[in-house]
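Student: One file: protein_16.cif (mmCIF, C-alpha atoms).
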data_final
#
loop_
_atom_site.group_PDB
_atom_site.id
_atom_site.type_symbol
_atom_site.label_atom_id
_atom_site.label_comp_id
_atom_site.auth_asym_id
_atom_site.auth_seq_id
_atom_site.Cartn_x
_atom_site.Cartn_y
_atom_site.Cartn_z
ATOM 1 C CA MET A 16 -32.120 9.522 4.555
ATOM 2 C CA LYS A 17 -33.435 11.829 7.264
ATOM 3 C CA HIS A 18 -31.907 9.582 9.928
ATOM 4 C CA PHE A 19 -28.638 9.461 7.991
ATOM 5 C CA ASN A 20 -28.356 13.261 7.879
ATOM 6 C CA PHE A 21 -28.943 13.380 11.621
ATOM 7 C CA LEU A 22 -26.158 10.850 12.140
ATOM 8 C CA VAL A 23 -23.679 12.851 10.061
ATOM 9 C CA ILE A 24 -24.434 16.001 12.091
ATOM 10 C CA ALA A 25 -24.072 14.091 15.349
ATOM 11 C CA PHE A 26 -20.759 12.627 14.203
ATOM 12 C CA LEU A 27 -19.389 16.078 13.381
ATOM 13 C CA LEU A 28 -20.450 17.278 16.816
ATOM 14 C CA LEU A 29 -18.664 14.303 18.355
ATOM 15 C CA LEU A 30 -15.445 15.280 16.616
ATOM 16 C CA SER A 31 -15.772 18.830 17.897
ATOM 17 C CA PHE A 32 -16.248 17.932 21.582
ATOM 18 C CA PRO A 33 -12.550 17.755 22.486
ATOM 19 C CA ALA A 34 -11.767 20.952 20.620
ATOM 20 C CA LEU A 35 -14.510 22.806 22.479
ATOM 21 C CA SER A 36 -13.605 21.433 25.892
ATOM 22 C CA GLN A 37 -10.925 24.039 26.535
ATOM 23 C CA ASP A 38 -9.050 26.867 24.827
ATOM 24 C CA THR A 39 -5.341 26.161 25.154
ATOM 25 C CA THR A 40 -4.054 28.315 22.290
ATOM 26 C CA ASN A 41 -1.556 31.043 23.157
ATOM 27 C CA VAL A 42 -1.040 34.164 21.070
ATOM 28 C CA THR A 43 2.439 35.679 20.958
ATOM 29 C CA THR A 44 3.172 39.390 20.731
ATOM 30 C CA ASP A 45 3.575 39.122 16.976
ATOM 31 C CA GLY A 46 0.083 37.683 16.614
ATOM 32 C CA ILE A 47 1.114 34.087 15.819
ATOM 33 C CA ALA A 48 -0.970 31.431 17.573
ATOM 34 C CA THR A 49 0.934 28.609 19.264
ATOM 35 C CA VAL A 50 -0.113 25.415 21.031
ATOM 36 C CA PRO A 51 1.505 24.842 24.444
ATOM 37 C CA VAL A 52 3.681 21.781 24.982
ATOM 38 C CA GLU A 53 1.200 20.560 27.611
ATOM 39 C CA GLU A 54 -1.573 20.351 24.989
ATOM 40 C CA ILE A 55 0.614 18.453 22.536
ATOM 41 C CA LYS A 56 1.467 15.849 25.189
ATOM 42 C CA ILE A 57 -2.238 15.165 25.763
ATOM 43 C CA TRP A 58 -2.306 13.213 22.494
ATOM 44 C CA LYS A 59 -0.800 9.732 22.475
ATOM 45 C CA LYS A 60 -0.342 8.344 18.971
ATOM 46 C CA GLY A 61 0.966 5.037 17.686
ATOM 47 C CA GLY A 62 0.446 2.141 15.365
ATOM 48 C CA SER A 63 1.787 -1.074 13.939
ATOM 49 C CA PHE A 64 2.261 -2.759 10.599
ATOM 50 C CA SER A 65 2.852 -6.436 9.961
ATOM 51 C CA GLY A 66 3.063 -8.682 6.944
ATOM 52 C CA THR A 67 2.767 -12.440 6.491
ATOM 53 C CA PHE A 68 3.972 -14.794 3.785
ATOM 54 C CA ALA A 69 3.670 -18.568 3.490
ATOM 55 C CA ASN A 70 4.706 -20.840 0.628
ATOM 56 C CA VAL A 71 4.581 -24.592 0.042
ATOM 57 C CA GLY A 72 6.163 -25.949 -3.139
ATOM 58 C CA LEU A 73 5.676 -29.578 -4.181
ATOM 59 C CA SER A 74 7.064 -31.368 -7.212
ATOM 60 C CA ASN A 75 6.607 -35.105 -7.791
ATOM 61 C CA TRP A 76 5.734 -35.398 -4.120
ATOM 62 C CA ALA A 77 4.812 -39.013 -3.361
ATOM 63 C CA GLY A 78 2.905 -38.096 -0.211
ATOM 64 C CA GLY A 79 0.431 -35.949 -2.162
ATOM 65 C CA GLY A 80 -0.737 -32.436 -1.449
ATOM 66 C CA GLN A 81 -0.822 -29.122 -3.286
ATOM 67 C CA SER A 82 1.531 -26.171 -3.599
ATOM 68 C CA SER A 83 0.263 -22.924 -2.080
ATOM 69 C CA ILE A 84 1.108 -19.263 -1.587
ATOM 70 C CA ALA A 85 -0.448 -16.990 1.051
ATOM 71 C CA LEU A 86 0.072 -13.245 1.619
ATOM 72 C CA GLY A 87 -1.341 -10.878 4.223
ATOM 73 C CA ALA A 88 -0.907 -7.468 5.842
ATOM 74 C CA ILE A 89 -2.311 -5.670 8.896
ATOM 75 C CA LEU A 90 -2.150 -1.922 9.601
ATOM 76 C CA ASN A 91 -3.278 -0.430 12.907
ATOM 77 C CA LEU A 92 -3.219 3.295 13.728
ATOM 78 C CA ASN A 93 -4.419 4.889 16.957
ATOM 79 C CA ALA A 94 -4.617 8.326 18.540
ATOM 80 C CA THR A 95 -5.905 9.008 22.054
ATOM 81 C CA ARG A 96 -6.480 12.354 23.726
ATOM 82 C CA LYS A 97 -6.759 12.020 27.501
ATOM 83 C CA THR A 98 -7.300 14.697 30.134
ATOM 84 C CA GLU A 99 -8.446 14.606 33.745
ATOM 85 C CA LYS A 100 -12.076 14.921 32.662
ATOM 86 C CA SER A 101 -12.338 13.179 29.304
ATOM 87 C CA THR A 102 -10.925 10.617 26.897
ATOM 88 C CA TRP A 103 -11.160 10.573 23.107
ATOM 89 C CA GLU A 104 -9.990 7.333 21.414
ATOM 90 C CA ASN A 105 -9.573 6.831 17.664
ATOM 91 C CA ILE A 106 -8.528 3.514 16.085
ATOM 92 C CA LEU A 107 -8.146 2.616 12.399
ATOM 93 C CA THR A 108 -7.621 -1.041 11.438
ATOM 94 C CA MET A 109 -6.992 -2.397 7.938
ATOM 95 C CA GLN A 110 -6.475 -6.119 7.204
ATOM 96 C CA TYR A 111 -6.102 -7.912 3.899
ATOM 97 C CA GLY A 112 -5.002 -11.416 2.913
ATOM 98 C CA MET A 113 -5.084 -13.649 -0.150
ATOM 99 C CA ALA A 114 -3.985 -17.164 -1.056
ATOM 100 C CA ARG A 115 -3.686 -19.563 -3.985
ATOM 101 C CA VAL A 116 -3.823 -23.320 -3.521
ATOM 102 C CA GLY A 117 -2.730 -25.535 -6.401
ATOM 103 C CA LYS A 118 -1.052 -24.897 -9.757
ATOM 104 C CA SER A 119 -1.078 -21.327 -11.033
ATOM 105 C CA ASP A 120 -2.411 -22.397 -14.439
ATOM 106 C CA PHE A 121 -5.655 -23.687 -12.943
ATOM 107 C CA ASN A 122 -6.165 -21.761 -9.688
ATOM 108 C CA LEU A 123 -6.678 -18.100 -8.824
ATOM 109 C CA PHE A 124 -5.592 -16.028 -5.859
ATOM 110 C CA LYS A 125 -8.602 -15.745 -3.527
ATOM 111 C CA LYS A 126 -9.302 -13.327 -0.718
ATOM 112 C CA THR A 127 -8.868 -14.828 2.752
ATOM 113 C CA ASP A 128 -9.104 -11.716 4.954
ATOM 114 C CA ASP A 129 -10.549 -8.251 4.308
ATOM 115 C CA ASN A 130 -11.439 -5.682 6.953
ATOM 116 C CA PHE A 131 -11.573 -1.891 7.149
ATOM 117 C CA GLN A 132 -12.722 -0.536 10.517
ATOM 118 C CA PHE A 133 -12.689 2.845 12.240
ATOM 119 C CA ASP A 134 -13.683 3.450 15.868
ATOM 120 C CA SER A 135 -14.053 6.805 17.599
ATOM 121 C CA LYS A 136 -15.108 6.990 21.261
ATOM 122 C CA TYR A 137 -15.507 10.099 23.402
ATOM 123 C CA SER A 138 -16.201 9.747 27.126
ATOM 124 C CA TYR A 139 -16.575 12.218 30.004
ATOM 125 C CA ASN A 140 -15.595 11.062 33.486
ATOM 126 C CA LEU A 141 -18.410 10.880 36.055
ATOM 127 C CA ALA A 142 -16.721 8.972 38.893
ATOM 128 C CA LYS A 143 -14.011 6.375 39.396
ATOM 129 C CA HIS A 144 -14.463 3.703 36.684
ATOM 130 C CA TRP A 145 -17.641 5.392 35.370
ATOM 131 C CA SER A 146 -18.109 7.733 32.414
ATOM 132 C CA SER A 147 -20.702 8.795 29.857
ATOM 133 C CA GLY A 148 -20.052 9.309 26.194
ATOM 134 C CA THR A 149 -20.653 8.712 22.529
ATOM 135 C CA SER A 150 -19.101 6.279 20.074
ATOM 136 C CA VAL A 151 -19.023 5.814 16.311
ATOM 137 C CA ASN A 152 -18.023 2.568 14.614
ATOM 138 C CA PHE A 153 -17.677 2.131 10.857
ATOM 139 C CA ARG A 154 -16.657 -1.105 9.128
ATOM 140 C CA THR A 155 -16.637 -2.472 5.619
ATOM 141 C CA GLN A 156 -14.319 -4.367 3.251
ATOM 142 C CA MET A 157 -11.855 -3.118 0.657
ATOM 143 C CA ALA A 158 -12.199 -5.565 -2.240
ATOM 144 C CA PRO A 159 -14.990 -7.572 -3.912
ATOM 145 C CA GLY A 160 -15.802 -11.115 -2.818
ATOM 146 C CA TYR A 161 -16.906 -13.897 -5.178
ATOM 147 C CA PHE A 162 -18.008 -17.471 -5.399
ATOM 148 C CA PHE A 163 -15.599 -19.421 -7.593
ATOM 149 C CA GLU A 164 -16.326 -22.132 -10.162
ATOM 150 C CA ARG A 165 -14.386 -24.261 -12.659
ATOM 151 C CA ASP A 166 -14.864 -24.502 -16.401
ATOM 152 C CA SER A 167 -14.810 -27.696 -18.478
ATOM 153 C CA LEU A 168 -10.983 -27.663 -18.533
ATOM 154 C CA GLY A 169 -10.747 -27.429 -14.753
ATOM 155 C CA GLU A 170 -9.595 -23.800 -14.699
ATOM 156 C CA GLU A 171 -10.903 -21.727 -11.813
ATOM 157 C CA LYS A 172 -13.036 -18.701 -12.728
ATOM 158 C CA GLN A 173 -14.696 -15.906 -10.792
ATOM 159 C CA GLY A 174 -18.376 -16.612 -10.318
ATOM 160 C CA GLN A 175 -21.171 -14.734 -8.590
ATOM 161 C CA LEU A 176 -20.327 -11.436 -6.844
ATOM 162 C CA ILE A 177 -21.368 -11.695 -3.187
ATOM 163 C CA SER A 178 -19.849 -8.548 -1.611
ATOM 164 C CA ASN A 179 -17.892 -5.382 -2.362
ATOM 165 C CA PHE A 180 -16.656 -2.120 -0.853
ATOM 166 C CA LEU A 181 -19.583 -0.573 1.094
ATOM 167 C CA SER A 182 -21.589 -3.676 0.206
ATOM 168 C CA PRO A 183 -21.966 -4.246 3.015
ATOM 169 C CA GLY A 184 -20.889 -1.287 5.109
ATOM 170 C CA TYR A 185 -21.985 -0.716 8.701
ATOM 171 C CA LEU A 186 -22.172 2.515 10.689
ATOM 172 C CA LEU A 187 -23.108 2.401 14.365
ATOM 173 C CA PHE A 188 -23.723 5.510 16.465
ATOM 174 C CA ALA A 189 -24.308 5.021 20.212
ATOM 175 C CA THR A 190 -24.644 7.164 23.349
ATOM 176 C CA GLY A 191 -24.614 5.743 26.852
ATOM 177 C CA ILE A 192 -22.709 4.999 30.064
ATOM 178 C CA ARG A 193 -19.421 3.109 30.461
ATOM 179 C CA TYR A 194 -17.692 1.151 33.227
ATOM 180 C CA GLU A 195 -13.943 0.645 32.877
ATOM 181 C CA THR A 196 -11.053 -0.927 34.779
ATOM 182 C CA LYS A 197 -7.457 -1.582 33.753
ATOM 183 C CA ILE A 198 -8.298 -4.788 31.864
ATOM 184 C CA PHE A 199 -12.090 -4.700 31.364
ATOM 185 C CA SER A 200 -14.689 -2.261 30.082
ATOM 186 C CA MET A 201 -18.365 -2.359 29.193
ATOM 187 C CA ARG A 202 -20.747 0.208 27.775
ATOM 188 C CA TYR A 203 -24.544 0.227 27.599
ATOM 189 C CA SER A 204 -26.108 2.630 25.113
ATOM 190 C CA PRO A 205 -29.913 2.935 25.254
ATOM 191 C CA LEU A 206 -29.706 5.347 22.309
ATOM 192 C CA ALA A 207 -28.142 3.694 19.287
ATOM 193 C CA ALA A 208 -28.594 3.929 15.524
ATOM 194 C CA LYS A 209 -27.289 1.306 13.091
ATOM 195 C CA PHE A 210 -27.030 1.840 9.342
ATOM 196 C CA THR A 211 -26.359 -0.902 6.795
ATOM 197 C CA PHE A 212 -25.108 0.153 3.341
ATOM 198 C CA VAL A 213 -25.291 -1.823 0.098
ATOM 199 C CA MET A 214 -24.000 0.555 -2.576
ATOM 200 C CA ASN A 215 -23.433 -2.034 -5.321
ATOM 201 C CA ASP A 216 -26.448 -1.874 -7.660
ATOM 202 C CA SER A 217 -26.695 -5.609 -8.379
ATOM 203 C CA LEU A 218 -26.481 -6.567 -4.705
ATOM 204 C CA ALA A 219 -28.963 -3.818 -3.749
ATOM 205 C CA ALA A 220 -31.401 -5.051 -6.404
ATOM 206 C CA ALA A 221 -31.203 -8.528 -4.862
ATOM 207 C CA GLY A 222 -31.940 -7.201 -1.374
ATOM 208 C CA ALA A 223 -28.590 -8.391 0.039
ATOM 209 C CA PHE A 224 -27.516 -7.954 3.688
ATOM 210 C CA GLY A 225 -30.989 -7.142 4.967
ATOM 211 C CA VAL A 226 -31.527 -4.006 2.843
ATOM 212 C CA GLU A 227 -34.847 -3.884 1.021
ATOM 213 C CA GLU A 228 -34.693 -4.742 -2.686
ATOM 214 C CA GLY A 229 -33.727 -1.705 -4.744
ATOM 215 C CA GLN A 230 -32.624 0.287 -1.673
ATOM 216 C CA ASN A 231 -29.078 1.180 -0.629
ATOM 217 C CA ILE A 232 -29.471 1.932 3.086
ATOM 218 C CA ARG A 233 -31.238 0.235 5.969
ATOM 219 C CA SER A 234 -31.597 2.167 9.235
ATOM 220 C CA GLU A 235 -32.372 0.721 12.669
ATOM 221 C CA PHE A 236 -32.890 2.374 16.050
ATOM 222 C CA GLY A 237 -32.235 0.402 19.196
ATOM 223 C CA SER A 238 -29.910 -0.270 22.125
ATOM 224 C CA ASN A 239 -26.280 -1.352 22.058
ATOM 225 C CA PHE A 240 -23.981 -3.197 24.468
ATOM 226 C CA ASP A 241 -20.178 -3.384 24.221
ATOM 227 C CA ALA A 242 -17.695 -5.305 26.354
ATOM 228 C CA ALA A 243 -13.918 -5.545 25.996
ATOM 229 C CA LEU A 244 -11.228 -7.510 27.796
ATOM 230 C CA THR A 245 -7.462 -7.067 27.426
ATOM 231 C CA TYR A 246 -5.394 -9.426 29.544
ATOM 232 C CA ASP A 247 -1.740 -10.440 29.762
ATOM 233 C CA VAL A 248 -2.066 -14.213 30.051
ATOM 234 C CA MET A 249 1.672 -14.525 30.730
ATOM 235 C CA GLU A 250 4.837 -12.750 29.692
ATOM 236 C CA ASN A 251 4.689 -11.896 25.957
ATOM 237 C CA VAL A 252 1.218 -13.448 25.569
ATOM 238 C CA LYS A 253 -1.756 -11.061 25.352
ATOM 239 C CA LEU A 254 -5.461 -11.868 24.964
ATOM 240 C CA SER A 255 -8.019 -9.360 23.638
ATOM 241 C CA SER A 256 -11.743 -10.003 23.354
ATOM 242 C CA THR A 257 -14.544 -7.668 22.264
ATOM 243 C CA LEU A 258 -18.287 -8.323 22.175
ATOM 244 C CA ASN A 259 -20.927 -6.138 20.546
ATOM 245 C CA LEU A 260 -24.681 -6.726 20.856
ATOM 246 C CA PHE A 261 -27.306 -4.608 19.078
ATOM 247 C CA ALA A 262 -31.072 -4.963 19.423
ATOM 248 C CA ASN A 263 -33.608 -3.120 17.282
ATOM 249 C CA TYR A 264 -36.415 -1.622 19.378
ATOM 250 C CA GLU A 265 -38.889 -2.979 16.823
ATOM 251 C CA ASN A 266 -37.969 -6.522 17.872
ATOM 252 C CA LEU A 267 -35.748 -6.826 20.956
ATOM 253 C CA THR A 268 -35.577 -10.627 20.697
ATOM 254 C CA GLN A 269 -33.510 -10.444 17.509
ATOM 255 C CA ILE A 270 -29.995 -9.528 18.647
ATOM 256 C CA ASP A 271 -27.117 -8.859 16.249
ATOM 257 C CA VAL A 272 -23.833 -10.311 17.542
ATOM 258 C CA ASN A 273 -20.219 -9.480 16.678
ATOM 259 C CA TRP A 274 -17.626 -11.252 18.863
ATOM 260 C CA GLU A 275 -13.906 -10.941 18.141
ATOM 261 C CA ASN A 276 -10.954 -12.562 19.908
ATOM 262 C CA LEU A 277 -7.221 -12.119 19.415
ATOM 263 C CA ILE A 278 -4.299 -13.793 21.148
ATOM 264 C CA VAL A 279 -0.789 -12.542 20.363
ATOM 265 C CA PHE A 280 2.474 -14.355 21.140
ATOM 266 C CA LYS A 281 5.395 -11.934 21.012
ATOM 267 C CA VAL A 282 8.669 -13.602 19.982
ATOM 268 C CA ASN A 283 10.791 -10.456 19.793
ATOM 269 C CA LYS A 284 10.519 -6.808 18.722
ATOM 270 C CA TYR A 285 9.733 -7.667 15.105
ATOM 271 C CA LEU A 286 8.263 -11.184 15.142
ATOM 272 C CA THR A 287 4.876 -12.238 16.570
ATOM 273 C CA THR A 288 2.422 -15.070 16.158
ATOM 274 C CA SER A 289 -1.302 -14.318 16.379
ATOM 275 C CA PHE A 290 -4.534 -16.278 16.343
ATOM 276 C CA SER A 291 -7.849 -14.485 15.867
ATOM 277 C CA THR A 292 -11.498 -15.468 15.605
ATOM 278 C CA GLN A 293 -14.645 -13.543 14.666
ATOM 279 C CA LEU A 294 -18.248 -14.660 15.068
ATOM 280 C CA ILE A 295 -21.100 -12.676 13.486
ATOM 281 C CA TYR A 296 -24.831 -13.256 13.548
ATOM 282 C CA ASP A 297 -27.277 -10.804 12.000
ATOM 283 C CA HIS A 298 -30.923 -11.875 11.790
ATOM 284 C CA ASP A 299 -31.517 -9.683 8.735
ATOM 285 C CA ILE A 300 -28.680 -11.126 6.637
ATOM 286 C CA LEU A 301 -29.311 -14.143 4.418
ATOM 287 C CA ILE A 302 -26.058 -15.910 3.500
ATOM 288 C CA PRO A 303 -25.667 -17.309 -0.076
ATOM 289 C CA GLN A 304 -24.790 -21.023 0.028
ATOM 290 C CA GLU A 305 -22.222 -22.518 -2.366
ATOM 291 C CA ASP A 306 -24.088 -25.828 -2.634
ATOM 292 C CA SER A 307 -27.571 -24.334 -2.941
ATOM 293 C CA GLU A 308 -29.402 -21.513 -4.675
ATOM 294 C CA VAL A 309 -31.260 -20.753 -1.441
ATOM 295 C CA SER A 310 -29.792 -18.163 0.946
ATOM 296 C CA LYS A 311 -30.402 -18.614 4.662
ATOM 297 C CA ARG A 312 -29.641 -17.149 8.082
ATOM 298 C CA ALA A 313 -26.405 -18.529 9.467
ATOM 299 C CA ILE A 314 -23.629 -17.874 11.940
ATOM 300 C CA GLN A 315 -20.589 -16.387 10.225
ATOM 301 C CA PHE A 316 -17.269 -17.554 11.656
ATOM 302 C CA LYS A 317 -13.660 -16.813 10.738
ATOM 303 C CA HIS A 318 -10.338 -17.827 12.268
ATOM 304 C CA VAL A 319 -6.876 -16.657 11.206
ATOM 305 C CA LEU A 320 -3.469 -17.947 12.308
ATOM 306 C CA ASN A 321 -0.569 -15.678 11.347
ATOM 307 C CA ILE A 322 3.172 -15.457 11.844
ATOM 308 C CA ASN A 323 3.787 -11.731 11.518
ATOM 309 C CA VAL A 324 6.914 -9.776 10.727
ATOM 310 C CA GLY A 325 6.226 -6.176 11.556
ATOM 311 C CA TYR A 326 7.048 -2.977 13.349
ATOM 312 C CA THR A 327 5.326 -1.030 16.108
ATOM 313 C CA PHE A 328 5.610 2.751 16.219
#
Show the structure stored in the file as structure tokens.
Tutor:
Amino acid sequence: MKHFNFLVIAFLLLLSFPALSQDTTNVTTDGIATVPVEEIKIWKKGGSFSGTFANVGLSNWAGGGQSSIALGAILNLNATRKTEKSTWENILTMQYGMARVGKSDFNLFKKTDDNFQFDSKYSYNLAKHWSSGTSVNFRTQMAPGYFFERDSLGEEKQGQLISNFLSPGYLLFATGIRYETKIFSMRYSPLAAKFTFVMNDSLAAAGAFGVEEGQNIRSEFGSNFDAALTYDVMENVKLSSTLNLFANYENLTQIDVNWENLIVFKVNKYLTTSFSTQLIYDHDILIPQEDSEVSKRAIQFKHVLNINVGYTF
């Protein structure tokens, strides 16, 4: 808890850096404070929202198969404050998807995608392409996750709870040096703190996600490496790839990996097709297995193909 309090204080200081960097407030003769137009233009804000829907309906279909319904939504908000000396980036991403395969009388809607992530990065320019700074990353999920099982009549039922909001949750605080070009950036942070949260009592009692049994928070101190690539493969086709590596100083050979890739095909202003992958490996996390009562270390992998109807603002 002592480390957690330190992290909260450091995060608040991070948020205050841009505000303390310069005083740009003007005071009029009637005592009313105003913000100059130049200061307002420093902030660049935007976002996007997209939704997906897929449906297959089969009735007396000789070729076989099952009816299905799939729904999904993605919200992305960003705000960047950039001056000659510093950059402060803030990104909020929320993703959720669910699907039902088979007849509604026997099958439930199941979660297929669930992500809540917030990134805040502050950097101070040192030289061309080089800067130093601090970053905070927080990620969790928004809804519970379950194993599913069928009763004697074949109806699908919710089984064992395996995850929930803030179970797990991850908070990463890192300070280091960054190299950046137009399409590529990398950051090495020799000072990094990672916190894993399991706030659900039953999951905490089982020692899920690497947290000790009966505890809600696991803290680690180590080094962190980030790399990001954003590249226009061709007109209306964009590739983004991010890699995060974290090593605990207690055992530098055990490296936590989070690698995400996204390729977007833009059809027009409102219609896009996207394909994303995410690979996660955390040495401290034991993954429950559907076909076994024994949990084990494993590589987590997810891929999502979407046709999105949305709007960018």
Student: For a test of reading the model, state the distance in Å between atom CA of A:Asp166 and atom CA of A:Lys118, rounded to one decimal.
Tutor: 15.3 Å
Student: What residues come out when you apply the PyMOL selection byres ((chain A and resi 211) around 6) to this file, written as a PDB file with C-alpha atoms, keeping the file's coordinate frame?
Tutor:
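Dumped everything to out-v8.pdb:
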ATOM      1  CA  GLY A 184     -20.889  -1.287   5.109  1.00  0.00           C
ATOM      2  CA  TYR A 185     -21.985  -0.716   8.701  1.00  0.00           C
ATOM      3  CA  PHE A 210     -27.030   1.840   9.342  1.00  0.00           C
ATOM      4  CA  PHE A 212     -25.108   0.153   3.341  1.00  0.00           C
ATOM      5  CA  ILE A 232     -29.471   1.932   3.086  1.00  0.00           C
ATOM      6  CA  ARG A 233     -31.238   0.235   5.969  1.00  0.00           C
TER       7      ARG A 233
END
Student: Just the residues within 12 Å of stretch 68-74 of chain A, please, counting all atoms listed in the file, with nothing from its chain fewer than 2 positions along; format it as a compact mmCIF listing (two decimals) with C-alpha atoms, in the coordinates of the input.
Tutor:
# COMPACT_ATOMS: atom_id res chain seq x y z
CA SER A 65 2.85 -6.44 9.96
CA GLY A 66 3.06 -8.68 6.94
CA TRP A 76 5.73 -35.40 -4.12
CA ALA A 77 4.81 -39.01 -3.36
CA GLY A 78 2.90 -38.10 -0.21
CA GLY A 79 0.43 -35.95 -2.16
CA GLY A 80 -0.74 -32.44 -1.45
CA GLN A 81 -0.82 -29.12 -3.29
CA SER A 82 1.53 -26.17 -3.60
CA SER A 83 0.26 -22.92 -2.08
CA ILE A 84 1.11 -19.26 -1.59
CA ALA A 85 -0.45 -16.99 1.05
CA LEU A 86 0.07 -13.24 1.62
CA GLY A 87 -1.34 -10.88 4.22
CA ALA A 88 -0.91 -7.47 5.84
CA GLY A 112 -5.00 -11.42 2.91
CA MET A 113 -5.08 -13.65 -0.15
CA ALA A 114 -3.98 -17.16 -1.06
CA ARG A 115 -3.69 -19.56 -3.98
CA VAL A 116 -3.82 -23.32 -3.52
CA GLY A 117 -2.73 -25.54 -6.40
CA LYS A 118 -1.05 -24.90 -9.76
CA SER A 119 -1.08 -21.33 -11.03
CA LEU A 320 -3.47 -17.95 12.31
CA ASN A 321 -0.57 -15.68 11.35
CA ILE A 322 3.17 -15.46 11.84
CA ASN A 323 3.79 -11.73 11.52
CA VAL A 324 6.91 -9.78 10.73
CA GLY A 325 6.23 -6.18 11.56
Student: Written as a PyMOL selection string, what is the full residue list that the PyMOL selection byres ((chain A and resi 246) around 12) yields on the file shown?
Tutor: chain A and resi 196-200+243-245+247-257+276-279
Student: Any chance you could work out the residue set of the PyMOL selection byres ((chain A and resi 260) around 10) here, as a ChimeraX atom specification?
Tutor: /A:203,238-242,258-259,261-262,270-274,296
Student: Measuring atom to atom with only C-alpha atoms, identify which of A:Asn283, A:Ser178, A:Ser146, A:Ser204 is nearest to A:Thr327.
Tutor: A:Asn283
Student: By how many Å are atom CA of A:Ile106 and atom CA of A:Asn130 apart?
Tutor: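 Distance reported for this atom pair: 13.3 Å.
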Student: Quick check, in Å to one decimal: how far apart do atom CA of A:Met157 and atom CA of A:Glu171 lie?
Tutor: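 These two atoms are separated by 22.4 Å.
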Student: Please identify all polymer residues within 10 Å of A:Asn105, counting all atoms listed in the file, omitting same-chain residues fewer than 4 positions from it, and present them as a PyMOL selection string.
Tutor: chain A and resi 60+92-96+133-137+150-152
Student: Restricting the calculation to all atoms listed in the file: of A:Phe188, A:Phe224, A:Phe328, A:Phe236, which residue gets closest to A:Asn266?
Tutor: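 Between A:Phe188, A:Phe224, A:Phe328, A:Phe236, the residue approaching A:Asn266 most closely is A:Phe236.
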Student: I need the residue nearest A:Phe180 from this list: A:Lys126, A:Met214, A:Ser147, A:Leu168. Use all atoms listed in the file for the distance.
Tutor: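 Under the stated criterion, the closest residue is A:Met214.
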